[in-house]
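Okay, structure first, notes after.
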Amino acid sequence: MGNDSSGRRRRAFRSLAGNSALLRVLAGYVLFTLTEYSVWIAMLVYAYSRGGATVAGLVAVAQLVPAAIVAPMVASVADRRSPVSLLAGGYLVQAAAMAATAAAVMVGAPLAAYAAAAVAATAVTTTRPAQAALIPSVAATPDQLTAANVVVGWLEAAATAGSGLLAGVLISVAGVGSVFAVCAGLAVAAALLVAGLQVAPLTSGPQQPPRVLAGIGEGLRLAVRRPRLRLMLALLTAEAVVLGALDLLIVIVAITVLGRPQSWAGYLTFACGVGAVLAATVSAVLVGRRLGAPILGAALVLSGALSALALSLGAVGTVALLAVAGASYTLLDIATRTLLQRSVPPQLIGRVFGLLEGLMMAGYALGALLVPALVYLGGSRLALLGVAAVLPLAAAVGGRALFGLDAETPVPVVEIALLRSLPLFAELPAPAIEGLAAALSPIHLAPGTVLIQQGGAGDAYYAIAAGELDVQHDGQFLRRCGRGEGVGEIALLRDIPRTATVTAHSAATVYELRRDLFLTAVLGHAPTQRQANRIADTRLATGGAPGNSDNQGPDAPEPG
């Protein structure tokens, strides 16, 4: 069992290298994370230098409150239209706002700098909901989805560490304004990476303009109906309170407690990032596993590390404890977001993650307000202890439900996204798609493996999730098929033997749908039956592999 599990993890991570769309999304996210945390550090340092913890806290709230309001609204776009447009557009708005912040800082206009930074922080809220809808649409298997989320956590941790160094070096060499200028360029690069991706929305049917309030209401109603979902949202919001407080506490500890220069705020953030990188590497073990216990354990370790910071253990002790804190909040975030992604119906992923983004922005704002209040009441030690108590309180409210967080059957979001991308199934209603997705069985093919043999019985349909397959008829090569295509439906629809051989050109992953389920779904839905017949007639008329269609309509280009 252990060898099967480790082999499954290795396959999932190796498969990421062959998914170019997923790699582009991940590369853009690295640049986004570098900019997000670098400018956040720079703005806290800028505000703290002008008015201490109170001004820094108020500036943080001024950035986060608009973001908390806007996040659930813009996220509905990620469900109803391709999430690529929301992701690339958000990156470009961030770039423009950061460039404006840089200009305001350099000319000495703090109010303009705060306003531009608020615009950038609001645009940040588009990224994670769009990515939450995009990654399942380009992932090949559920394990690859979990592996991608683990890699996202690792990359975010590495970029967080890098952002601390980037901000620290730029502040010490060229001042706060240079951080915003450099990050504006990185945001443009992130937009260019993802702008060319072609991904269909997860929601079927005509693409009407998104109903913002209705979308938010759907996300809220889903959270109300599902206690586990509600608990996950509460835990992530509590985590945001802690992180919003920690960002400001790091500035206070660096400048006031340790008596170091402003650049040390970046270096202490780097210490958090180093711990996060280590934890994200270890989080590979989460692939294929239950996640309730790791979530609870990470929350308790994070609180313990923050409590220990109140002991004032000097620079070395502070760096070590911040590394532990970074490790624990990274594990908490990866595990909870992955479980949330597994548990939400795909047509609501963008809205639920938009709701989460709004809640987390509100949590960041609450944490930023909590620190000045606690510092006023009892200094930095009380602030650290008070922040450390947030997650245990949230866990206590959750009680025994924490241990059953992943007891529900996961939603087959990867399989649904794959079926939704196939023209044959594009018009099926959501319940039918979800039923088919739950019945799919993954098959991993080594290069040269025969999937379909000419003359064989038509007993299944295969949707291609990753890799390439070659189609041959009477020994003659016809074409090459890849992700977003399928093979085998005409033999099922026409009740004839397979008329071509399909072989794996490269390592590939396909999903098998048995004959009875395929025919029930296709023949039981008139628009889908018409689409299937059009595909079959076109392939038969053109003389190309009648038993092994690529799911394309008459006007679609040949794959290859």
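We label chains A, B, ... in the order they appear in the structure tokens, count residues from 1 in each chain, and number ligands from 1 in the order shown.
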Closest atom pairs, residues of range 14-46 of chain A within 7 Å of range 161-184 of chain A, only C-alpha atoms, as CSV:
residue,atom,partner,partner_atom,distance
A:Leu34,CA,A:Ser163,CA,4.9
A:Thr35,CA,A:Cys183,CA,4.9
A:Tyr37,CA,A:Ser163,CA,5.9
A:Ser38,CA,A:Ser163,CA,4.8
A:Val39,CA,A:Phe180,CA,5.9
A:Ala42,CA,A:Val176,CA,5.8
A:Tyr46,CA,A:Val176,CA,6.8
Store the residues of this selection in a file with N, CA, C and O atoms, as a compact mmCIF listing (two decimals), in the first residue's frame.
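The result, stored in part-v3.txt:
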# COMPACT_ATOMS: atom_id res chain seq x y z
N LEU A 34 5.67 37.11 -5.84
CA LEU A 34 6.80 38.02 -5.60
C LEU A 34 6.32 39.46 -5.47
O LEU A 34 6.73 40.19 -4.56
N THR A 35 5.43 39.86 -6.36
CA THR A 35 4.96 41.25 -6.33
C THR A 35 4.02 41.48 -5.15
O THR A 35 4.12 42.50 -4.46
N TYR A 37 3.74 40.12 -2.12
CA TYR A 37 4.34 40.25 -0.80
C TYR A 37 5.41 41.35 -0.74
O TYR A 37 5.58 41.99 0.29
N SER A 38 6.11 41.57 -1.85
CA SER A 38 7.12 42.63 -1.85
C SER A 38 6.48 44.00 -1.64
O SER A 38 6.95 44.81 -0.82
N VAL A 39 5.40 44.28 -2.38
CA VAL A 39 4.78 45.60 -2.24
C VAL A 39 4.06 45.74 -0.91
O VAL A 39 3.94 46.84 -0.37
N ALA A 42 6.76 46.61 1.52
CA ALA A 42 7.22 47.98 1.24
C ALA A 42 6.21 49.01 1.74
O ALA A 42 6.59 50.04 2.32
N TYR A 46 6.76 51.78 4.59
CA TYR A 46 6.53 53.18 4.21
C TYR A 46 5.58 53.86 5.20
O TYR A 46 5.83 54.97 5.69
List the neighbours of Arg515 in chain A out to 8 Å using only C-alpha atoms; skip same-chain residues closer than 5 positions along the sequence, and give me the result as an mmCIF file with N, CA and C atoms, in the first residue's frame.
data_model
loop_
_atom_site.group_PDB
_atom_site.id
_atom_site.type_symbol
_atom_site.label_atom_id
_atom_site.label_comp_id
_atom_site.auth_asym_id
_atom_site.auth_seq_id
_atom_site.Cartn_x
_atom_site.Cartn_y
_atom_site.Cartn_z
ATOM 1 N N GLY A 458 -16.559 -2.474 -29.364
ATOM 2 C CA GLY A 458 -16.673 -1.131 -28.801
ATOM 3 C C GLY A 458 -17.301 -1.179 -27.428
ATOM 4 N N ASP A 459 -16.475 -1.231 -26.416
ATOM 5 C CA ASP A 459 -17.001 -1.404 -25.062
ATOM 6 C C ASP A 459 -16.816 -0.180 -24.179
ATOM 7 N N ALA A 460 -16.127 0.865 -24.675
ATOM 8 C CA ALA A 460 -15.874 2.040 -23.830
ATOM 9 C C ALA A 460 -15.491 3.230 -24.691
ATOM 10 N N TYR A 461 -15.668 4.390 -24.104
ATOM 11 C CA TYR A 461 -15.226 5.663 -24.690
ATOM 12 C C TYR A 461 -14.073 6.183 -23.844
ATOM 13 N N LEU A 492 -19.425 2.899 -30.512
ATOM 14 C CA LEU A 492 -20.529 2.748 -29.562
ATOM 15 C C LEU A 492 -21.844 3.216 -30.177
#
Within 7 Å of range 131-153 of chain A, which residues of range 289-343 of chain A show up? Give each one with its shortest atom-to-atom distance in Å (one decimal) and the two atoms involved, counting only C-alpha atoms, rows by chain then rising residue number, as a Markdown table.
| residue | atom | partner | partner_atom | distance |
| --- | --- | --- | --- | --- |
| A:Thr330 | CA | A:Gly153 | CA | 6.6 |
| A:Ile334 | CA | A:Gly153 | CA | 5.8 |
| A:Thr338 | CA | A:Thr146 | CA | 6.6 |
Closest to Gly367 in chain A among A:Val397, A:Ala157, A:Ala279, A:Ala240, using only C-alpha atoms?
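Checking each candidate against Gly367 in chain A, we get A:Ala240 as the closest.
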Would you list, as an NGL selection string, the residues of range 306-492 of chain A that end up in strand (DSSP E) under DSSP run on this structure's backbone?
:A and (441-445 or 450-452 or 460-466 or 469-473 or 476-481 or 486-487)
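With only C-alpha atoms as the atoms that count, the minimum distance from Pro442 in chain A to the choices A:Tyr511, A:Ala466, A:Leu393, A:Ile496 is reached by A:Tyr511.
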Filtered DSSP result for range 414-469 of chain A, state alpha helix (DSSP H), as a ChimeraX atom specification:
/A:414-421,430-439
Test item: residues at most 8 Å from Val242 in chain A, only C-alpha atoms, excluding those fewer than 4 positions along its chain, as a PDB file with all heavy atoms, in the first residue's frame:
ATOM      1  N   ALA A 238      -9.593  32.786   9.836  1.00  0.00           N
ATOM      2  CA  ALA A 238      -8.789  32.937  11.051  1.00  0.00           C
ATOM      3  C   ALA A 238      -7.301  32.973  10.718  1.00  0.00           C
ATOM      4  O   ALA A 238      -6.530  33.739  11.304  1.00  0.00           O
ATOM      5  CB  ALA A 238      -9.092  31.790  12.020  1.00  0.00           C
ATOM      6  N   LEU A 246       0.580  39.226  11.557  1.00  0.00           N
ATOM      7  CA  LEU A 246       1.993  38.851  11.533  1.00  0.00           C
ATOM      8  C   LEU A 246       2.812  39.779  10.641  1.00  0.00           C
ATOM      9  O   LEU A 246       3.957  40.123  10.973  1.00  0.00           O
ATOM     10  CB  LEU A 246       2.129  37.399  11.060  1.00  0.00           C
ATOM     11  CG  LEU A 246       3.543  36.817  11.034  1.00  0.00           C
ATOM     12  CD1 LEU A 246       4.175  36.862  12.418  1.00  0.00           C
ATOM     13  CD2 LEU A 246       3.523  35.395  10.498  1.00  0.00           C
ATOM     14  N   GLY A 363     -10.162  39.369   6.984  1.00  0.00           N
ATOM     15  CA  GLY A 363      -9.324  38.843   8.055  1.00  0.00           C
ATOM     16  C   GLY A 363      -7.990  39.562   8.153  1.00  0.00           C
ATOM     17  O   GLY A 363      -7.524  39.888   9.254  1.00  0.00           O
ATOM     18  N   TYR A 364      -7.354  39.810   7.001  1.00  0.00           N
ATOM     19  CA  TYR A 364      -6.103  40.579   7.012  1.00  0.00           C
ATOM     20  C   TYR A 364      -6.311  41.953   7.646  1.00  0.00           C
ATOM     21  O   TYR A 364      -5.497  42.427   8.436  1.00  0.00           O
ATOM     22  CB  TYR A 364      -5.575  40.771   5.588  1.00  0.00           C
ATOM     23  CG  TYR A 364      -5.082  39.524   4.905  1.00  0.00           C
ATOM     24  CD1 TYR A 364      -5.335  39.307   3.552  1.00  0.00           C
ATOM     25  CD2 TYR A 364      -4.362  38.555   5.594  1.00  0.00           C
ATOM     26  CE1 TYR A 364      -4.883  38.168   2.907  1.00  0.00           C
ATOM     27  CE2 TYR A 364      -3.914  37.408   4.954  1.00  0.00           C
ATOM     28  CZ  TYR A 364      -4.180  37.221   3.616  1.00  0.00           C
ATOM     29  OH  TYR A 364      -3.731  36.091   2.977  1.00  0.00           O
ATOM     30  N   GLY A 367      -6.708  41.623  11.365  1.00  0.00           N
ATOM     31  CA  GLY A 367      -5.406  41.388  11.983  1.00  0.00           C
ATOM     32  C   GLY A 367      -4.573  42.652  12.051  1.00  0.00           C
ATOM     33  O   GLY A 367      -3.893  42.909  13.057  1.00  0.00           O
ATOM     34  N   VAL A 387      -2.572  37.404  19.115  1.00  0.00           N
ATOM     35  CA  VAL A 387      -2.662  36.865  17.760  1.00  0.00           C
ATOM     36  C   VAL A 387      -2.537  35.340  17.786  1.00  0.00           C
ATOM     37  O   VAL A 387      -3.221  34.621  17.047  1.00  0.00           O
ATOM     38  CB  VAL A 387      -1.583  37.501  16.863  1.00  0.00           C
ATOM     39  CG1 VAL A 387      -1.526  36.808  15.508  1.00  0.00           C
ATOM     40  CG2 VAL A 387      -1.860  38.992  16.679  1.00  0.00           C
ATOM     41  N   ALA A 388      -1.661  34.824  18.661  1.00  0.00           N
ATOM     42  CA  ALA A 388      -1.470  33.376  18.758  1.00  0.00           C
ATOM     43  C   ALA A 388      -2.742  32.658  19.195  1.00  0.00           C
ATOM     44  O   ALA A 388      -2.919  31.466  18.909  1.00  0.00           O
ATOM     45  CB  ALA A 388      -0.340  33.064  19.738  1.00  0.00           C
ATOM     46  N   VAL A 390      -5.800  33.232  18.172  1.00  0.00           N
ATOM     47  CA  VAL A 390      -6.892  33.280  17.192  1.00  0.00           C
ATOM     48  C   VAL A 390      -7.222  31.894  16.646  1.00  0.00           C
ATOM     49  O   VAL A 390      -8.384  31.463  16.650  1.00  0.00           O
ATOM     50  CB  VAL A 390      -6.530  34.249  16.045  1.00  0.00           C
ATOM     51  CG1 VAL A 390      -7.557  34.140  14.916  1.00  0.00           C
ATOM     52  CG2 VAL A 390      -6.470  35.682  16.565  1.00  0.00           C
ATOM     53  N   LEU A 391      -6.228  31.170  16.162  1.00  0.00           N
ATOM     54  CA  LEU A 391      -6.500  29.855  15.563  1.00  0.00           C
ATOM     55  C   LEU A 391      -6.996  28.829  16.577  1.00  0.00           C
ATOM     56  O   LEU A 391      -7.929  28.068  16.267  1.00  0.00           O
ATOM     57  CB  LEU A 391      -5.258  29.354  14.834  1.00  0.00           C
ATOM     58  CG  LEU A 391      -5.069  29.931  13.423  1.00  0.00           C
ATOM     59  CD1 LEU A 391      -3.692  29.587  12.874  1.00  0.00           C
ATOM     60  CD2 LEU A 391      -6.150  29.429  12.474  1.00  0.00           C
TER      61      LEU A 391
END
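Here CA of Leu418 in chain A and CA of Ala463 in chain A stand 7.8 Å from one another.
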Who sits within 8 Å of Ala446 in chain A, only C-alpha atoms, same chain under 6 positions skipped, as a list in words:
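Final neighbour list, sorted by chain and number: Ala504, Ser506, Ala507 and Ala508 of chain A.
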Selection to disk with C-alpha atoms, as a tab-separated table (two decimals), in the first residue's frame:
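And here's part.tsv as it stands now:
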chain	number	residue	atom	x	y	z
A	504	ALA	CA	-0.04	5.92	-27.03
A	506	SER	CA	3.83	9.37	-25.53
A	507	ALA	CA	3.08	8.64	-21.91
A	508	ALA	CA	-0.61	9.45	-21.64
If we count only C-alpha atoms and set the cut-off at 7 Å, which residues sit around Ala68 in chain A, ignoring sequence neighbours fewer than 4 positions away in its own chain? Please answer as a PDB file with C-alpha atoms, in the first residue's frame.
ATOM      1  CA  LEU A  64      -7.895  45.499   2.450  1.00  0.00           C
ATOM      2  CA  GLU A 357     -10.857  35.883  -0.892  1.00  0.00           C
ATOM      3  CA  GLY A 358     -13.229  38.502   0.494  1.00  0.00           C
ATOM      4  CA  LEU A 359     -13.277  36.841   3.904  1.00  0.00           C
ATOM      5  CA  MET A 361      -9.052  40.228   2.983  1.00  0.00           C
ATOM      6  CA  ALA A 362     -11.402  41.118   5.825  1.00  0.00           C
TER       7      ALA A 362
END
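Considering only C-alpha atoms, the residue among A:Ala310, A:Ala320, A:Ala394, A:Leu382 positioned nearest to Val274 in chain A is A:Ala320.
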Using only C-alpha atoms for the distances, tell me which of A:Met98, A:Ala271, A:Val93, A:Val375 is nearest to Ala191 in chain A.
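Checking each of A:Met98, A:Ala271, A:Val93, A:Val375 against Ala191 in chain A, counting only C-alpha atoms, the winner is A:Val93.
Using only C-alpha atoms, the protein and nucleic acid residues lying no more than 6 Å from Ala500 in chain A, apart from those fewer than 2 places from it along its own chain, are A:Gln454, A:Gln472, A:His473, A:Arg498, A:Ala545.
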